[in-house]
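*Asks:* Can you keep this structure in mind? I'll have questions shortly.
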Amino acid sequence: HGYGYVRGNFTQDHLVVTDNSGGGPRAVVPAESAQAPRNASLTNVVTDCDVAKTADGRWFTPFSTAFCADALTLYEYATLFAAVSKLSTNVSFVWDPRNWHDDAAHPLFPSLQLLCRSIVDCAESSAQSAACEDFVTQVDGLVVSNLEEEYVEPFQTTWNSSEALIDAIHAATIGPVEQPTEAPTDTPTDTPTSGSPPGLPAG
């Protein structure tokens, strides 16, 4: 994937799970490190798990700030991932960045970031709420303006109404997420491993 600047093992825009070393609740935040930035070879890791773990025991997500600009609570992230997984069922082409394009009247960024927030807000609101109406608006805007034309009809056939989209969000909503009090104790391996930290469903 070429070279780029990293701090520790991540680019600064990658979303990772906080290590809970300070005793507070876990959260999903852009990667931060006290280490000085360095130019390093970058690797794309593909996973369908909610989180994966590096060899040194750091949990990370499949997402970056290109999708979610703000930090998320562990509950918000778990809800977001479950909803995205549900919404992408039978439309796996949405995961391929080559199937999206920018549009001057509807920029792909920050539209993706607005979609991220709208998913979380709709999941926490009633089906008739303004939050869910905004979620449908964000989806429609991205599909019509930014999805490659050959995939628009398949997407709209799969998700053929606003009610179907909203129902999918609410069907994917999970129960309360337990906040762990200790860091994961799994033995690190020599390569990144998939799995979930305490408080997240298994990938």
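By convention in this document, the chains of the structure tokens carry letters A, B, ... by their order, each chain's residues are numbered from 1, and ligands are numbered from 1 in the order they are shown.
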DSSP on the backbone: what in range 39-110 of chain A comes out alpha helix (DSSP H), as a list in words?

*Replies:* Leu74, Tyr75, Glu76, Tyr77, Ala78, Thr79, Leu80, Phe81, Ala82, Ala83, Val84, Ser85, Lys86, Leu87, Leu108, Phe109 and Pro110 of chain A

*Asks:* For the selection just defined, write its residues with N, CA and C atoms to a file, as a compact mmCIF listing (two decimals), in the first residue's frame.

*Replies:*
# COMPACT_ATOMS: atom_id res chain seq x y z
N LEU A 74 -17.95 2.91 23.23
CA LEU A 74 -17.91 1.51 22.83
C LEU A 74 -19.29 1.05 22.38
N TYR A 75 -20.34 1.52 23.05
CA TYR A 75 -21.70 1.16 22.66
C TYR A 75 -22.03 1.71 21.28
N GLU A 76 -21.68 2.96 21.03
CA GLU A 76 -21.96 3.55 19.72
C GLU A 76 -21.24 2.80 18.61
N TYR A 77 -19.98 2.44 18.86
CA TYR A 77 -19.22 1.73 17.84
C TYR A 77 -19.81 0.34 17.57
N ALA A 78 -20.15 -0.38 18.63
CA ALA A 78 -20.72 -1.72 18.45
C ALA A 78 -22.03 -1.64 17.68
N THR A 79 -22.84 -0.63 17.98
CA THR A 79 -24.10 -0.43 17.26
C THR A 79 -23.82 -0.07 15.81
N LEU A 80 -22.86 0.82 15.58
CA LEU A 80 -22.49 1.23 14.22
C LEU A 80 -22.04 0.04 13.39
N PHE A 81 -21.14 -0.77 13.94
CA PHE A 81 -20.62 -1.90 13.18
C PHE A 81 -21.72 -2.90 12.85
N ALA A 82 -22.59 -3.17 13.83
CA ALA A 82 -23.69 -4.10 13.59
C ALA A 82 -24.61 -3.58 12.50
N ALA A 83 -24.88 -2.27 12.53
CA ALA A 83 -25.77 -1.68 11.53
C ALA A 83 -25.13 -1.71 10.14
N VAL A 84 -23.86 -1.36 10.04
CA VAL A 84 -23.17 -1.36 8.75
C VAL A 84 -23.13 -2.78 8.19
N SER A 85 -22.88 -3.76 9.05
CA SER A 85 -22.86 -5.15 8.59
C SER A 85 -24.22 -5.56 8.05
N LYS A 86 -25.29 -5.14 8.73
CA LYS A 86 -26.64 -5.46 8.29
C LYS A 86 -26.94 -4.76 6.96
N LEU A 87 -26.60 -3.50 6.85
CA LEU A 87 -26.91 -2.73 5.65
C LEU A 87 -26.14 -3.21 4.43
N LEU A 108 -17.87 13.17 -1.66
CA LEU A 108 -17.88 11.91 -0.93
C LEU A 108 -17.47 12.13 0.53
N PHE A 109 -16.49 13.02 0.70
CA PHE A 109 -16.11 13.45 2.05
C PHE A 109 -16.51 14.91 2.17
N PRO A 110 -17.27 15.33 3.18
CA PRO A 110 -17.56 14.60 4.41
C PRO A 110 -18.89 13.84 4.42

*Asks:* Quick one: residues within 12 Å of Gly4 in chain A, only C-alpha atoms counted, chain neighbours fewer than 2 positions away excluded, as an mmCIF file with N, CA, C and O atoms, in the first residue's frame?

*Replies:*
data_model
loop_
_atom_site.group_PDB
_atom_site.id
_atom_site.type_symbol
_atom_site.label_atom_id
_atom_site.label_comp_id
_atom_site.auth_asym_id
_atom_site.auth_seq_id
_atom_site.Cartn_x
_atom_site.Cartn_y
_atom_site.Cartn_z
ATOM 1 N N HIS A 1 0.831 -1.205 0.000
ATOM 2 C CA HIS A 1 0.000 0.000 0.000
ATOM 3 C C HIS A 1 0.863 1.250 0.000
ATOM 4 O O HIS A 1 0.396 2.327 0.278
ATOM 5 N N GLY A 2 2.154 1.101 -0.239
ATOM 6 C CA GLY A 2 3.016 2.272 -0.283
ATOM 7 C C GLY A 2 3.553 2.660 1.091
ATOM 8 O O GLY A 2 3.537 1.874 2.041
ATOM 9 N N VAL A 6 3.322 7.183 10.241
ATOM 10 C CA VAL A 6 2.591 6.500 11.305
ATOM 11 C C VAL A 6 3.144 6.948 12.659
ATOM 12 O O VAL A 6 4.264 7.444 12.758
ATOM 13 N N ARG A 7 2.325 6.778 13.659
ATOM 14 C CA ARG A 7 2.768 6.920 15.052
ATOM 15 C C ARG A 7 2.488 5.582 15.715
ATOM 16 O O ARG A 7 1.342 5.142 15.769
ATOM 17 N N ASN A 9 1.981 1.950 15.488
ATOM 18 C CA ASN A 9 1.685 1.024 14.396
ATOM 19 C C ASN A 9 0.539 1.473 13.496
ATOM 20 O O ASN A 9 0.088 0.700 12.647
ATOM 21 N N PHE A 10 0.045 2.700 13.681
ATOM 22 C CA PHE A 10 -1.137 3.125 12.944
ATOM 23 C C PHE A 10 -0.953 4.509 12.341
ATOM 24 O O PHE A 10 -0.253 5.357 12.899
ATOM 25 N N THR A 11 -1.623 4.730 11.221
ATOM 26 C CA THR A 11 -1.759 6.092 10.738
ATOM 27 C C THR A 11 -2.687 6.817 11.707
ATOM 28 O O THR A 11 -3.529 6.203 12.352
ATOM 29 N N GLN A 12 -2.526 8.122 11.804
ATOM 30 C CA GLN A 12 -3.259 8.862 12.826
ATOM 31 C C GLN A 12 -4.767 8.893 12.600
ATOM 32 O O GLN A 12 -5.527 9.180 13.523
ATOM 33 N N ASP A 13 -5.204 8.577 11.377
ATOM 34 C CA ASP A 13 -6.636 8.624 11.105
ATOM 35 C C ASP A 13 -7.329 7.283 11.347
ATOM 36 O O ASP A 13 -8.551 7.188 11.211
ATOM 37 N N PRO A 37 6.361 10.731 14.779
ATOM 38 C CA PRO A 37 5.939 10.156 13.493
ATOM 39 C C PRO A 37 7.130 9.624 12.713
ATOM 40 O O PRO A 37 8.227 10.174 12.777
ATOM 41 N N ARG A 38 6.904 8.547 11.978
ATOM 42 C CA ARG A 38 7.964 7.963 11.154
ATOM 43 C C ARG A 38 7.363 7.525 9.825
ATOM 44 O O ARG A 38 6.173 7.209 9.748
ATOM 45 N N ASN A 39 8.179 7.526 8.816
ATOM 46 C CA ASN A 39 7.748 7.066 7.499
ATOM 47 C C ASN A 39 7.918 5.554 7.445
ATOM 48 O O ASN A 39 9.004 5.030 7.699
ATOM 49 N N ALA A 40 6.836 4.836 7.146
ATOM 50 C CA ALA A 40 6.882 3.377 7.194
ATOM 51 C C ALA A 40 6.073 2.787 6.058
ATOM 52 O O ALA A 40 5.216 3.452 5.465
ATOM 53 N N SER A 41 6.342 1.527 5.768
ATOM 54 C CA SER A 41 5.559 0.792 4.784
ATOM 55 C C SER A 41 4.169 0.537 5.363
ATOM 56 O O SER A 41 4.028 0.082 6.497
ATOM 57 N N LEU A 42 3.117 0.857 4.599
ATOM 58 C CA LEU A 42 1.746 0.715 5.068
ATOM 59 C C LEU A 42 1.139 -0.584 4.556
ATOM 60 O O LEU A 42 1.416 -1.015 3.441
ATOM 61 N N THR A 43 0.297 -1.184 5.376
ATOM 62 C CA THR A 43 -0.368 -2.443 5.029
ATOM 63 C C THR A 43 -1.854 -2.311 5.255
ATOM 64 O O THR A 43 -2.292 -1.819 6.299
#

*Asks:* Using only C-alpha atoms, can you tell me which of A:Thr73, A:Thr47, A:Ser126, A:Ser33 comes closest to Val17 in chain A?

*Replies:*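 Among the listed residues, the smallest separation from Val17 in chain A belongs to A:Thr73.
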
*Asks:* Which value, in Å to one decimal, gives the distance between CA of Glu148 in chain A and CA of Ala66 in chain A?

*Replies:*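 For CA of Glu148 in chain A relative to CA of Ala66 in chain A, the distance reads 18.8 Å.
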
*Asks:* Which parts of range 11-172 of chain A does DSSP call strand (DSSP E) when run on the backbone here, written out as a ChimeraX atom specification?

*Replies:* /A:14-17,27-30,38-41,52-53,59-64,72-73

*Asks:* Set the distance at 12 Å and use only C-alpha atoms: which residues neighbour Thr137 in chain A once local chain neighbours fewer than 3 positions away are removed? I'd like the list as a ChimeraX atom specification.

*Replies:* /A:111,114-115,118-119,122,130-134,140-145,161-162,165-166

*Asks:* Could you write those residues out with all heavy atoms, as a CSV table (one decimal), in the first residue's frame?

*Replies:*
chain,number,residue,atom,x,y,z
A,111,SER,N,-19.5,13.5,3.3
A,111,SER,CA,-20.7,12.8,3.3
A,111,SER,C,-20.7,11.5,4.0
A,111,SER,O,-21.6,11.1,4.7
A,111,SER,CB,-21.2,12.6,1.8
A,111,SER,OG,-21.4,13.9,1.2
A,114,LEU,N,-21.0,12.2,7.7
A,114,LEU,CA,-22.3,12.5,8.1
A,114,LEU,C,-23.2,11.2,8.1
A,114,LEU,O,-24.0,11.0,9.0
A,114,LEU,CB,-23.0,13.4,7.0
A,114,LEU,CG,-22.3,14.8,7.0
A,114,LEU,CD1,-23.0,15.6,5.8
A,114,LEU,CD2,-22.5,15.6,8.3
A,115,LEU,N,-22.9,10.2,7.2
A,115,LEU,CA,-23.6,9.0,7.3
A,115,LEU,C,-23.3,8.2,8.6
A,115,LEU,O,-24.2,7.7,9.2
A,115,LEU,CB,-23.2,8.1,6.1
A,115,LEU,CG,-23.8,6.7,6.1
A,115,LEU,CD1,-25.3,6.7,6.0
A,115,LEU,CD2,-23.2,5.9,4.9
A,118,SER,N,-25.2,9.7,11.4
A,118,SER,CA,-26.6,9.5,11.2
A,118,SER,C,-27.0,8.1,11.6
A,118,SER,O,-28.1,7.8,12.1
A,118,SER,CB,-27.1,9.9,9.8
A,118,SER,OG,-26.7,8.9,8.9
A,119,ILE,N,-26.2,7.1,11.3
A,119,ILE,CA,-26.5,5.7,11.7
A,119,ILE,C,-26.6,5.6,13.2
A,119,ILE,O,-27.5,5.0,13.7
A,119,ILE,CB,-25.4,4.8,11.1
A,119,ILE,CG1,-25.5,4.7,9.6
A,119,ILE,CG2,-25.5,3.4,11.7
A,119,ILE,CD1,-24.3,3.9,9.0
A,122,CYS,N,-29.7,7.5,14.4
A,122,CYS,CA,-31.0,6.8,14.1
A,122,CYS,C,-31.2,5.5,15.0
A,122,CYS,O,-32.3,5.2,15.4
A,122,CYS,CB,-31.0,6.4,12.6
A,122,CYS,SG,-32.5,5.5,12.1
A,130,ALA,N,-36.5,12.6,13.5
A,130,ALA,CA,-35.7,13.4,12.5
A,130,ALA,C,-34.4,12.8,12.3
A,130,ALA,O,-33.8,12.9,11.2
A,130,ALA,CB,-35.6,14.8,13.1
A,131,ALA,N,-33.9,12.1,13.3
A,131,ALA,CA,-32.5,11.4,13.2
A,131,ALA,C,-32.6,10.3,12.1
A,131,ALA,O,-31.7,10.2,11.3
A,131,ALA,CB,-32.1,10.8,14.5
A,132,CYS,N,-33.7,9.5,12.1
A,132,CYS,CA,-33.8,8.5,11.1
A,132,CYS,C,-34.1,9.0,9.7
A,132,CYS,O,-33.7,8.5,8.7
A,132,CYS,CB,-34.8,7.5,11.5
A,132,CYS,SG,-34.3,6.4,12.9
A,133,GLU,N,-34.9,10.1,9.7
A,133,GLU,CA,-35.1,10.8,8.4
A,133,GLU,C,-33.8,11.3,7.8
A,133,GLU,O,-33.6,11.2,6.6
A,133,GLU,CB,-36.1,12.0,8.6
A,133,GLU,CG,-36.4,12.7,7.3
A,133,GLU,CD,-37.4,13.8,7.6
A,133,GLU,OE1,-38.0,13.9,8.7
A,133,GLU,OE2,-37.6,14.7,6.6
A,134,ASP,N,-32.9,11.8,8.6
A,134,ASP,CA,-31.6,12.3,8.2
A,134,ASP,C,-30.8,11.1,7.7
A,134,ASP,O,-30.1,11.3,6.7
A,134,ASP,CB,-30.9,13.0,9.3
A,134,ASP,CG,-29.5,13.5,8.9
A,134,ASP,OD1,-29.4,14.3,8.0
A,134,ASP,OD2,-28.5,13.1,9.5
A,140,ASP,N,-29.5,8.1,0.7
A,140,ASP,CA,-30.0,8.4,-0.7
A,140,ASP,C,-29.0,9.3,-1.4
A,140,ASP,O,-28.7,9.1,-2.6
A,140,ASP,CB,-31.3,9.1,-0.6
A,140,ASP,CG,-32.5,8.2,-0.2
A,140,ASP,OD1,-32.2,6.9,-0.3
A,140,ASP,OD2,-33.6,8.6,0.1
A,141,GLY,N,-28.5,10.3,-0.7
A,141,GLY,CA,-27.5,11.2,-1.3
A,141,GLY,C,-26.3,10.5,-1.8
A,141,GLY,O,-25.8,10.8,-2.9
A,142,LEU,N,-25.7,9.6,-1.0
A,142,LEU,CA,-24.5,8.9,-1.4
A,142,LEU,C,-24.8,7.9,-2.6
A,142,LEU,O,-24.0,7.9,-3.5
A,142,LEU,CB,-24.0,8.1,-0.2
A,142,LEU,CG,-23.2,8.9,0.8
A,142,LEU,CD1,-23.1,8.2,2.2
A,142,LEU,CD2,-21.8,9.2,0.3
A,143,VAL,N,-25.9,7.2,-2.5
A,143,VAL,CA,-26.2,6.3,-3.6
A,143,VAL,C,-26.4,7.0,-4.9
A,143,VAL,O,-25.8,6.6,-5.9
A,143,VAL,CB,-27.4,5.4,-3.2
A,143,VAL,CG1,-27.9,4.6,-4.4
A,143,VAL,CG2,-27.1,4.5,-2.0
A,144,VAL,N,-27.2,8.0,-4.9
A,144,VAL,CA,-27.5,8.7,-6.2
A,144,VAL,C,-26.3,9.5,-6.7
A,144,VAL,O,-26.0,9.5,-7.9
A,144,VAL,CB,-28.7,9.7,-6.0
A,144,VAL,CG1,-28.9,10.6,-7.2
A,144,VAL,CG2,-29.9,8.9,-5.7
A,145,SER,N,-25.5,10.1,-5.8
A,145,SER,CA,-24.5,11.1,-6.2
A,145,SER,C,-23.1,10.4,-6.3
A,145,SER,O,-22.2,10.9,-7.1
A,145,SER,CB,-24.4,12.3,-5.3
A,145,SER,OG,-25.6,13.0,-5.3
A,161,SER,N,-37.0,0.9,0.2
A,161,SER,CA,-37.8,1.9,0.9
A,161,SER,C,-37.1,2.4,2.1
A,161,SER,O,-36.1,1.8,2.7
A,161,SER,CB,-39.1,1.2,1.4
A,161,SER,OG,-38.9,0.3,2.5
A,162,SER,N,-37.5,3.6,2.6
A,162,SER,CA,-36.8,4.2,3.8
A,162,SER,C,-37.1,3.3,5.0
A,162,SER,O,-36.3,3.2,5.9
A,162,SER,CB,-37.4,5.6,4.0
A,162,SER,OG,-38.8,5.6,4.1
A,165,LEU,N,-34.6,0.5,5.3
A,165,LEU,CA,-33.3,1.0,5.8
A,165,LEU,C,-33.4,1.2,7.3
A,165,LEU,O,-32.5,0.7,8.1
A,165,LEU,CB,-32.9,2.2,5.1
A,165,LEU,CG,-32.4,2.1,3.7
A,165,LEU,CD1,-32.4,3.5,3.0
A,165,LEU,CD2,-31.1,1.5,3.6
A,166,ILE,N,-34.4,1.8,7.8
A,166,ILE,CA,-34.5,2.2,9.2
A,166,ILE,C,-34.8,0.9,10.0
A,166,ILE,O,-34.2,0.7,11.1
A,166,ILE,CB,-35.7,3.2,9.4
A,166,ILE,CG1,-35.3,4.5,8.8
A,166,ILE,CG2,-36.0,3.3,10.9
A,166,ILE,CD1,-36.5,5.5,8.7

*Asks:* Show which residues sit within 7 Å of Ala123 in chain A, as number ranges by chain. Count only C-alpha atoms, and ignore same-chain residues fewer than 4 positions away.

*Replies:* A: 119, 169-170, 173

*Asks:* One decimal, in Å: what's the spacing between CA of Phe135 in chain A and CA of Trp100 in chain A?

*Replies:*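 Computing the Euclidean distance for CA of Phe135 in chain A and CA of Trp100 in chain A yields 18.7 Å.
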
*Asks:* CA of Ala127 in chain A and CA of Asn160 in chain A, how far apart in Å?

*Replies:*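 Computing it gives 16.2 Å between the two atoms.
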
*Asks:* Which residue, A:Val91, A:Val136, A:Asn20, A:Arg117, has the smallest gap to Phe155 in chain A when you use only C-alpha atoms?

*Replies:*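 Checking each of A:Val91, A:Val136, A:Asn20, A:Arg117 against Phe155 in chain A, counting only C-alpha atoms, the winner is A:Val91.
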